[in-house]
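A.B. asks: Would you mind keeping the following structure in view while I ask a few things?
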Amino acid sequence: MQGMMINRAKELLRDGTVNRVLGWQAGEFVYDITPAVFETEEELDEGFVYNGFCGNNLSKYLVKETLKEGKILVFLKPCDTYSFNQLLTEHRIDREKVYVVGIPCEGKTSGEMLKSKGISGITGISEDGDNFIVDTVYGQTTIAKADALEERCKTCKSKKHVAYDELIGEDGEVLDSHRFDMVAKLEAMTPDERFAFWRGQLSKCIRCNACRNVCPACTCEQCVFDNPKSGIAQKAAADSFEENMFHIIRAFHVAGRCTDCGECSRVCPQNIPLHLLNRKFIKDIDELYGDYQAGAEVGTRAPLTNYTQDDVEPSIVYHREGK
Amino acid sequence: MPNEVKAFKPKIVAFCCNWCSYAGADLAGTNRLTYPADVKIIRVPCSCRVNPMFILRAFQRGADGVILCGCHPGDCHYTTGNYYARRRMTLLFSMLDFLGIEKERTRVEWVSAAEGAKFAATMNDFVATVTALGENKRLEDLRCKE
């Protein structure tokens, strides 16, 4: 796959369709993947990688990249194409300046995930059907994807590309994922249990703002969290309020626009399941205002910028069953 | 009397839209209807003006309950403001509930300019509910405590 992608990128660079390529390169370690822009064929040969660690959603980088001269080639996995569409809907990306190559994705893992399964000294990774084959300094090991996939990939919502100029490989289908199972489980708890659960999670927050920085829906030039007067610009060590408020507001600001790509949870250095907050909003919107998948189509109106005259009243929250 | 336990008096913040609910509160006053003095009214141009952050900020600054009052759906002075507010608040309240914060502390009520009695009754009921819940502990900011 990586070879095919590099060859196609070289062709497009050579015939002048694009003048640079947005892809992934390895960092200090093979599992420290970072997004990178490649401008020449030599750079592609040296640095470009695509493997089981390339979870980064590249859509958000296009906001800045399409402000520059010339057309850029970008490789998008199925879930990234939803974010891409959502950014197009919000007029954040200049579509004319992007050449999208859709690439298949069979789920991603991370260095941390493999280490937690006892695999260390990782030097390489490849895929074989339902398994990852991991090269380590101690030799080769095989681990089943069911064990090693990231949380968001275990509940993958779609293998279908919703936006592309060309595809490498076959297009997939929208999947019947069980992504709301954990949200439903939390909803079934008592308020005290939920409070304890979220205090346990959110108190780990170090307010690094990585979840905001990586989120493809968070593209405001000026962010409320950077305002020192917002009341939530810092992290108060002994206080629960800022954590609660930060995470409610962060999730609220992307409610109805979140495509559920799961980047927030992937980048969280404290492993807080942040996507659950976003999924709660998605689940509520689906239940109360009809099914809506942000980014499935360009130009749809987000549920919170829309209304009907007979929407439910907010008091529905008090009466919902099982709570 | 040093041993006397001070009865809990909740702090309630009521966001009232300028066109209906604020006038409704006014009517409750001119009609000499009583509602607890713990309700602090903040006038907003429209219920839609209320950013979810306002509600959380009220809790941060020590409110024990927050109520949002606006025109009845369909009667908005700006035609559609309260429809948007309705969706926002539904999702916000649902999220607060999801985080385990008592859902009874937040409420939305539609009060027209002619409904002074409803305003007073709503506030009496809301204050009673919040008094029963006690002090807001789950969404407090210790730095803002007196």
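We label chains A, B, ... in the order they appear in the structure tokens, count residues from 1 in each chain, and number ligands from 1 in the order shown.
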With only C-alpha atoms counted and 9 Å as the cut-off, give the residues of chain B in contact with chain A, each with its shortest interatomic distance in Å and the pair that gives it, as a Markdown table.

C.D. replies:
```
| residue | atom | partner | partner_atom | distance |
| --- | --- | --- | --- | --- |
| B:Pro52 | CA | A:Ile249 | CA | 7.7 |
| B:Met53 | CA | A:Ile249 | CA | 7.0 |
| B:Leu56 | CA | A:Met245 | CA | 6.8 |
| B:Arg57 | CA | A:Gly231 | CA | 7.9 |
| B:Gln60 | CA | A:Phe241 | CA | 7.1 |
| B:Pro73 | CA | A:Gln309 | CA | 7.5 |
| B:Gly74 | CA | A:Gln309 | CA | 7.5 |
| B:Thr80 | CA | A:Tyr307 | CA | 8.6 |
| B:Tyr83 | CA | A:Tyr307 | CA | 6.0 |
| B:Tyr84 | CA | A:Tyr307 | CA | 6.3 |
| B:Arg86 | CA | A:Pro314 | CA | 6.4 |
| B:Arg87 | CA | A:Leu304 | CA | 6.6 |
| B:Arg88 | CA | A:Leu304 | CA | 6.7 |
| B:Met89 | CA | A:Pro314 | CA | 6.2 |
| B:Thr90 | CA | A:Pro314 | CA | 4.1 |
| B:Leu91 | CA | A:Phe281 | CA | 6.8 |
| B:Leu92 | CA | A:Phe252 | CA | 7.6 |
| B:Phe93 | CA | A:Val317 | CA | 6.8 |
| B:Ser94 | CA | A:Val317 | CA | 5.7 |
| B:Met95 | CA | A:Lys280 | CA | 7.3 |
| B:Leu96 | CA | A:Ile248 | CA | 8.0 |
| B:Asp97 | CA | A:Pro191 | CA | 7.1 |
| B:Phe98 | CA | A:Glu187 | CA | 6.6 |
| B:Leu99 | CA | A:Phe195 | CA | 5.5 |
| B:Gly100 | CA | A:Phe195 | CA | 4.1 |
| B:Ile101 | CA | A:Phe195 | CA | 6.8 |
| B:Glu102 | CA | A:Pro191 | CA | 7.3 |
| B:Lys103 | CA | A:Tyr318 | CA | 6.9 |
| B:Glu104 | CA | A:Tyr318 | CA | 7.6 |
| B:Arg107 | CA | A:Ser315 | CA | 7.1 |
| B:Val108 | CA | A:Pro314 | CA | 6.5 |
| B:Glu109 | CA | A:Ser315 | CA | 8.9 |
| B:Arg138 | CA | A:Phe241 | CA | 8.1 |
| B:Leu139 | CA | A:Phe241 | CA | 5.7 |
| B:Glu140 | CA | A:Phe241 | CA | 5.9 |
| B:Asp141 | CA | A:Phe241 | CA | 5.3 |
| B:Leu142 | CA | A:Asp239 | CA | 6.5 |
| B:Arg143 | CA | A:Asp239 | CA | 8.1 |
```

A.B. asks: For B:Glu135, list every protein, DNA or RNA residue within 12 Å, evaluated using only C-alpha atoms, and leave out those in the same chain fewer than 5 positions away; present the list as a tab-separated table (two decimals) with N, CA and C atoms, in the first residue's frame.

C.D. replies:
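Everything below was put into part_36.tsv:
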```tsv
chain	number	residue	atom	x	y	z
B	7	ALA	N	-30.83	28.34	57.98
B	7	ALA	CA	-31.55	27.59	56.95
B	7	ALA	C	-30.91	27.85	55.58
B	8	PHE	N	-30.86	26.81	54.76
B	8	PHE	CA	-30.24	26.96	53.45
B	8	PHE	C	-31.12	27.79	52.52
B	9	LYS	N	-30.53	28.85	52.00
B	9	LYS	CA	-31.24	29.69	51.04
B	9	LYS	C	-30.50	29.58	49.70
B	10	PRO	N	-31.11	28.97	48.72
B	10	PRO	CA	-30.39	28.79	47.46
B	10	PRO	C	-30.24	30.09	46.70
B	11	LYS	N	-29.17	30.14	45.89
B	11	LYS	CA	-29.03	31.26	44.97
B	11	LYS	C	-29.52	30.79	43.61
B	12	ILE	N	-30.46	31.50	43.08
B	12	ILE	CA	-31.04	31.11	41.80
B	12	ILE	C	-30.79	32.22	40.78
B	59	PHE	N	-23.17	28.78	37.54
B	59	PHE	CA	-22.87	27.76	38.55
B	59	PHE	C	-21.50	27.99	39.16
B	62	GLY	N	-21.39	30.46	41.92
B	62	GLY	CA	-22.09	30.14	43.15
B	62	GLY	C	-23.59	29.95	43.04
B	63	ALA	N	-24.13	29.91	41.84
B	63	ALA	CA	-25.57	29.65	41.72
B	63	ALA	C	-25.86	28.20	42.10
B	64	ASP	N	-27.01	27.98	42.70
B	64	ASP	CA	-27.43	26.62	43.03
B	64	ASP	C	-28.43	26.10	42.01
B	65	GLY	N	-29.01	27.01	41.26
B	65	GLY	CA	-29.93	26.59	40.21
B	65	GLY	C	-29.99	27.68	39.15
B	102	GLU	N	-26.89	17.08	38.99
B	102	GLU	CA	-28.34	16.97	39.20
B	102	GLU	C	-29.10	17.76	38.14
B	105	ARG	N	-31.38	21.02	38.73
B	105	ARG	CA	-30.83	22.37	38.96
B	105	ARG	C	-30.98	23.29	37.76
B	127	VAL	N	-37.50	27.20	43.18
B	127	VAL	CA	-36.74	27.45	44.42
B	127	VAL	C	-36.96	26.30	45.40
B	129	THR	N	-37.62	23.20	44.65
B	129	THR	CA	-36.86	22.04	44.15
B	129	THR	C	-35.39	22.16	44.49
B	130	VAL	N	-34.83	23.34	44.24
B	130	VAL	CA	-33.39	23.52	44.47
B	130	VAL	C	-33.08	23.51	45.96
B	140	GLU	N	-19.25	23.41	41.38
B	140	GLU	CA	-18.86	24.63	42.07
B	140	GLU	C	-17.40	24.94	41.78
B	145	LYS	N	-15.88	30.85	45.99
B	145	LYS	CA	-16.67	30.77	47.21
B	145	LYS	C	-16.31	31.92	48.14
```

A.B. asks: Select from stretch 92-263 of chain A everything DSSP, run on the backbone, classes as helix (DSSP H, G or I), then give the selection as a PyMOL selection string.

C.D. replies: chain A and resi 95-97+111-116+145-148+151-154+181-187+191-202+210-214+224-226+241-253+263

A.B. asks: Report as a VMD selection string all protein, DNA and RNA residues lying within 7 Å of B:Cys20, evaluated on only C-alpha atoms, omitting residues in the same chain fewer than 2 positions from it.

C.D. replies: chain B and resid 17 to 18 22 to 24 70 to 71 111 to 113

A.B. asks: So how far away is atom CA of A:Glu150 from atom CA of A:Thr136, in Å?

C.D. replies: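 Atom-to-atom, atom CA of A:Thr136 to atom CA of A:Glu150, that is 19.7 Å.
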
A.B. asks: Would you mind reading off the distance between atom CA of A:His161 and atom CA of A:Gly102, one decimal, in Å?

C.D. replies: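 Value for the atom CA of A:His161-atom CA of A:Gly102 distance: 6.6 Å.
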
A.B. asks: Can you tell me which residues surround B:Arg49 at a distance of at most 10 Å, considering only C-alpha atoms, apart from same-chain residues fewer than 4 positions away, and format the answer as a PDB file with N, CA and C atoms, in the first residue's frame?

C.D. replies:
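Below you can see selection.pdb, which holds the result:
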```
ATOM      1  N   PHE B  15     -32.392  33.672  33.806  1.00  0.00           N
ATOM      2  CA  PHE B  15     -32.184  34.446  32.578  1.00  0.00           C
ATOM      3  C   PHE B  15     -33.557  34.686  31.960  1.00  0.00           C
ATOM      4  N   CYS B  17     -35.905  36.688  29.026  1.00  0.00           N
ATOM      5  CA  CYS B  17     -35.846  37.441  27.786  1.00  0.00           C
ATOM      6  C   CYS B  17     -36.574  38.771  27.964  1.00  0.00           C
ATOM      7  N   VAL B  44     -31.897  39.330  29.320  1.00  0.00           N
ATOM      8  CA  VAL B  44     -31.178  39.088  28.055  1.00  0.00           C
ATOM      9  C   VAL B  44     -32.105  39.489  26.907  1.00  0.00           C
ATOM     10  N   PRO B  45     -31.541  39.889  25.774  1.00  0.00           N
ATOM     11  CA  PRO B  45     -32.402  40.339  24.672  1.00  0.00           C
ATOM     12  C   PRO B  45     -33.323  39.232  24.154  1.00  0.00           C
ATOM     13  N   PHE B  54     -22.864  30.664  29.724  1.00  0.00           N
ATOM     14  CA  PHE B  54     -23.470  31.535  30.743  1.00  0.00           C
ATOM     15  C   PHE B  54     -24.006  30.692  31.896  1.00  0.00           C
ATOM     16  N   GLY B  81     -35.678  32.837  17.630  1.00  0.00           N
ATOM     17  CA  GLY B  81     -34.615  32.703  18.638  1.00  0.00           C
ATOM     18  C   GLY B  81     -34.846  31.578  19.617  1.00  0.00           C
ATOM     19  N   ASN B  82     -36.062  31.482  20.137  1.00  0.00           N
ATOM     20  CA  ASN B  82     -36.268  30.477  21.181  1.00  0.00           C
ATOM     21  C   ASN B  82     -36.270  29.052  20.641  1.00  0.00           C
ATOM     22  N   TYR B  84     -33.989  27.957  18.568  1.00  0.00           N
ATOM     23  CA  TYR B  84     -32.578  27.564  18.669  1.00  0.00           C
ATOM     24  C   TYR B  84     -32.198  27.329  20.126  1.00  0.00           C
ATOM     25  N   ALA B  85     -32.671  28.232  21.006  1.00  0.00           N
ATOM     26  CA  ALA B  85     -32.360  28.094  22.428  1.00  0.00           C
ATOM     27  C   ALA B  85     -32.869  26.744  22.940  1.00  0.00           C
TER      28      ALA B  85
END
```

A.B. asks: What is the atom CA of A:Gly107-atom CA of A:Cys153 distance in Å, reported with one decimal?

C.D. replies: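 Atom-to-atom, atom CA of A:Gly107 to atom CA of A:Cys153, that is 5.3 Å.
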
A.B. asks: If we count only C-alpha atoms, what is near B:Ala25 at a cut-off of 9 Å, once residues fewer than 2 positions away on the same chain are taken out, given as a list in words?

C.D. replies: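 Near B:Ala25, the qualifying residues are Cys16, Cys20, Ser21, Tyr22, Ala23, Leu27, Ala28, Gly29, Thr30, Ile41, Val111, Ala113, Glu115, Gly116, Ala117, Phe119 and Ala120 of chain B.
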
A.B. asks: Save the residues we just selected, N, CA and C atoms, as a compact mmCIF listing (two decimals), in the first residue's frame?

C.D. replies:
```txt
# COMPACT_ATOMS: atom_id res chain seq x y z
N CYS B 16 -33.94 35.94 31.82
CA CYS B 16 -35.27 36.24 31.30
C CYS B 16 -35.15 37.07 30.02
N CYS B 20 -40.70 38.91 26.76
CA CYS B 20 -41.81 38.17 27.39
C CYS B 20 -41.57 37.99 28.88
N SER B 21 -40.56 37.21 29.22
CA SER B 21 -40.43 36.77 30.61
C SER B 21 -40.07 37.90 31.55
N TYR B 22 -39.26 38.84 31.09
CA TYR B 22 -38.90 39.96 31.96
C TYR B 22 -40.15 40.79 32.25
N ALA B 23 -40.97 40.97 31.21
CA ALA B 23 -42.24 41.68 31.40
C ALA B 23 -43.16 40.86 32.29
N LEU B 27 -44.92 41.94 35.71
CA LEU B 27 -46.35 41.81 35.97
C LEU B 27 -46.57 41.11 37.31
N ALA B 28 -45.75 40.08 37.58
CA ALA B 28 -45.86 39.40 38.88
C ALA B 28 -45.66 40.40 40.00
N GLY B 29 -44.73 41.34 39.78
CA GLY B 29 -44.48 42.36 40.79
C GLY B 29 -45.64 43.31 40.96
N THR B 30 -46.14 43.82 39.85
CA THR B 30 -47.24 44.79 39.94
C THR B 30 -48.51 44.15 40.49
N ILE B 41 -32.64 37.96 38.71
CA ILE B 41 -33.00 37.97 37.29
C ILE B 41 -31.92 38.67 36.48
N VAL B 111 -42.47 31.73 29.50
CA VAL B 111 -43.37 32.63 30.24
C VAL B 111 -43.65 33.86 29.39
N ALA B 113 -45.51 37.67 28.50
CA ALA B 113 -45.62 38.93 29.24
C ALA B 113 -46.92 38.99 30.04
N GLU B 115 -48.18 36.41 31.67
CA GLU B 115 -48.25 35.31 32.63
C GLU B 115 -47.48 35.61 33.92
N GLY B 116 -47.86 36.69 34.58
CA GLY B 116 -47.23 37.03 35.85
C GLY B 116 -47.42 35.92 36.87
N ALA B 117 -48.61 35.36 36.87
CA ALA B 117 -48.91 34.30 37.84
C ALA B 117 -48.05 33.08 37.57
N PHE B 119 -45.16 33.08 36.17
CA PHE B 119 -43.77 33.39 36.55
C PHE B 119 -43.57 33.14 38.04
N ALA B 120 -44.47 33.68 38.85
CA ALA B 120 -44.34 33.52 40.30
C ALA B 120 -44.43 32.05 40.69
```

A.B. asks: Just the strand (DSSP E) stuff from chain B, please, per backbone DSSP, written as a ChimeraX atom specification.

C.D. replies: /B:12-17,39-44,65-70,106-110

A.B. asks: As a list of chain:residue names, please: the residues near B:His77 (cut-off 7 Å, only C-alpha atoms, same-chain neighbours under 2 positions excluded).

C.D. replies: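 The residues that qualify are B:Trp19, B:Asp75, B:Thr79.
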
A.B. asks: With only C-alpha atoms as the basis for distance, which of A:Arg257, A:Lys185, A:Lys159, A:Lys283 is at the shortest distance from A:Thr300?

C.D. replies: A:Arg257

A.B. asks: May I have the residues within 9 Å of A:Cys79 as a ChimeraX atom specification, using only C-alpha atoms and disregarding those fewer than 2 positions away in the same chain?

C.D. replies: /A:57,76-77,81-83,105,156-162,259-261

A.B. asks: Using only C-alpha atoms, which of the listed residues (A:Arg279, A:Arg301, A:Lys108, A:Lys204) sits closest to A:Ile33?

C.D. replies: A:Lys108
